[in-house]
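Enquirer: Mind looking over this structure? Questions follow.
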Amino acid sequence: MKLVAGPASPGLTETLADELGADLVEVAHERFPDGEAYVRVAEDLSGEEVVLVQTTPADERWVELLLLQDAVASWDPASAVTVVPYLGYARQDKRFEPGEALSVAVLARAVSAADMPVVTVDPHEPSVMERFDVPAEQVSAMEVLADPLAEEGCDFVLAPDEGAMGLADRVASILDCPADFVIKHRESGTEVTTEQKTLDVDGRTVAVVDDIISTGGTMSNAARALRDQGAERVVAATVHGVFAGKALKKLADAGVDRTVATDTIETPQSAVSVAPVVAPVVEKLAG
Ligand code: R5P
């Protein structure tokens, strides 16, 4: 098996190659002076089982992914699987207002055009998987995300909104501790408010678990509520660390002691790899 490292996912691809006992294939990539992307897979992949990995936290990452699929397909491999560790645009999963683009459907269609099965990690809503026109599978990172939280001694898990309660419950069952949630209202892309709620967290080390940290507003509100109610330590845990703008500073200012994320987006906060949970699904689809 050959693992093709997209420009946005070099670390995860290497870890996944180790996990699968597969060969790593480098991709040459650059930008033309006008900003357009160029990718080339120089290694001959004819007749090989190929897995390409490219995460999509920004528009240019999507373009690189589509180009990479074409570069891989040009070698006529025996099979090819596309891993999109973070599926960007998944939060625009419906037309909230008339006339809006249904963004995730547009991008899922584009990725499906290469006719390769797709694997992603904790998409924002499970229903987005139905937008692909090719076999598409999601995996959960909760099993690996729980590791650093166990090391931190977390003894309470909080979901910073109702949508994250499923994730929080899974982590709490792994850590064997209680979980609760708070109710969030989104006022705009950058503004969220969180309802007051009494939480049994006095003296506890609390993990706040969410799928995405973007501006950090959701996590910061939760952290402040926890600090106000006597939590001793607060660990912000997310699958996808987007960390837009000054998100990390916002978290620290709100009383977050440590922020941990996976390597679906590779940042200094990537404390664990999703490779162990992605590998079995990739093996199944490639075979
Ligand atoms: C939304 O429902 C997601 O699960 C996250 O809570 C949200 O994307 C976090 O965004 P931010 O960090 O900007 O508050």
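Each chain in the structure tokens gets a letter, A, B, ..., in the order shown, and its residues are numbered from 1; ligands are numbered from 1 in order too.
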List as JSON, numbers by chain the protein and nucleic acid residues lying within 6 Å of ligand 1, with only C-alpha atoms and all ligand atoms counted.
Expert: {"A": [190, 210, 211, 212, 213, 214, 215, 216, 217, 218]}
Enquirer: Counting only C-alpha atoms, what are the residues of segment 77-158 of chain A within 10 Å of segment 234-254 of chain A, and for each of them which pair of atoms is the nearest and at what distance in Å, to one decimal? Sort the table by chain and rising number, as CSV.
Expert:
residue,atom,partner,partner_atom,distance
A:Pro85,CA,A:His240,CA,8.7
A:Tyr86,CA,A:His240,CA,6.5
A:Leu87,CA,A:His240,CA,9.4
A:Gly88,CA,A:Val242,CA,9.7
A:Val121,CA,A:Val239,CA,8.2
A:Asp122,CA,A:Val239,CA,7.4
A:Pro123,CA,A:His240,CA,9.6
A:His124,CA,A:His240,CA,9.9
A:Ser140,CA,A:Val239,CA,9.0
A:Ala141,CA,A:Val239,CA,6.6
A:Met142,CA,A:Val239,CA,7.9
A:Val144,CA,A:Val239,CA,9.6
A:Leu145,CA,A:Val239,CA,7.3
A:Ala146,CA,A:Ala237,CA,8.9
A:Pro148,CA,A:Ala237,CA,9.1
A:Leu149,CA,A:Val235,CA,7.6
A:Glu152,CA,A:Val235,CA,8.2
A:Cys154,CA,A:Val235,CA,8.0
A:Phe156,CA,A:Val234,CA,9.8
A:Val157,CA,A:Val235,CA,9.5
A:Leu158,CA,A:Ala236,CA,9.6
Enquirer: Considering only strand (DSSP E or B) as DSSP defines it on the backbone, what residues of segment 74-171 of chain A qualify? List them as a ChimeraX atom specification.
Expert: /A:79-84,118-121,136-139,156-159
Enquirer: If we count only C-alpha atoms and set the cut-off at 10 Å, which residues sit around Leu20 of chain A, ignoring sequence neighbours fewer than 4 positions away in its own chain? Please answer as a ChimeraX atom specification.
Expert: /A:1-3,14-16,275-276,278-280,282-283
Enquirer: Output N, CA and C atoms of each residue in that selection to a file, as a CSV table (one decimal), in the first residue's frame.
Expert:
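selection_22.csv, freshly written:
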chain,number,residue,atom,x,y,z
A,1,MET,N,0.8,-1.2,0.0
A,1,MET,CA,0.0,0.0,0.0
A,1,MET,C,0.9,1.3,0.0
A,2,LYS,N,0.4,2.3,-0.7
A,2,LYS,CA,1.2,3.6,-0.8
A,2,LYS,C,0.4,4.7,-0.2
A,3,LEU,N,1.0,5.4,0.7
A,3,LEU,CA,0.3,6.5,1.3
A,3,LEU,C,0.8,7.9,0.8
A,14,GLU,N,2.4,10.2,7.6
A,14,GLU,CA,3.5,9.4,8.0
A,14,GLU,C,3.1,8.5,9.1
A,15,THR,N,2.4,9.0,10.1
A,15,THR,CA,2.0,8.1,11.2
A,15,THR,C,1.0,7.0,10.7
A,16,LEU,N,0.2,7.4,9.8
A,16,LEU,CA,-0.7,6.4,9.2
A,16,LEU,C,0.0,5.3,8.4
A,275,ALA,N,-4.5,8.3,13.6
A,275,ALA,CA,-4.0,7.2,12.7
A,275,ALA,C,-4.6,5.8,13.2
A,276,PRO,N,-4.5,5.5,14.5
A,276,PRO,CA,-5.0,4.2,14.9
A,276,PRO,C,-6.5,3.9,14.6
A,278,VAL,N,-8.2,5.6,12.1
A,278,VAL,CA,-8.4,5.7,10.6
A,278,VAL,C,-7.9,4.4,9.9
A,279,ALA,N,-6.8,3.9,10.4
A,279,ALA,CA,-6.2,2.8,9.7
A,279,ALA,C,-7.1,1.6,9.4
A,280,PRO,N,-7.9,1.1,10.3
A,280,PRO,CA,-8.7,-0.1,10.0
A,280,PRO,C,-9.7,0.2,8.9
A,282,VAL,N,-9.4,2.5,6.5
A,282,VAL,CA,-8.7,2.6,5.2
A,282,VAL,C,-8.3,1.2,4.6
A,283,GLU,N,-7.9,0.3,5.5
A,283,GLU,CA,-7.5,-1.0,5.1
A,283,GLU,C,-8.7,-1.7,4.5
Enquirer: Would you list, as a PyMOL selection string, the residues of segment 30-192 of chain A that end up in helix (DSSP H, G or I) under DSSP run on this structure's backbone?
Expert: chain A and resi 59-73+103-112+126-131+142-151+162-175
Enquirer: Please measure the separation of atom CA of Leu66 of chain A and atom CA of Ala261 of chain A, giving the value in Å to one decimal.
Expert: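 Result for atom CA of Leu66 of chain A versus atom CA of Ala261 of chain A: 25.7 Å, one decimal.
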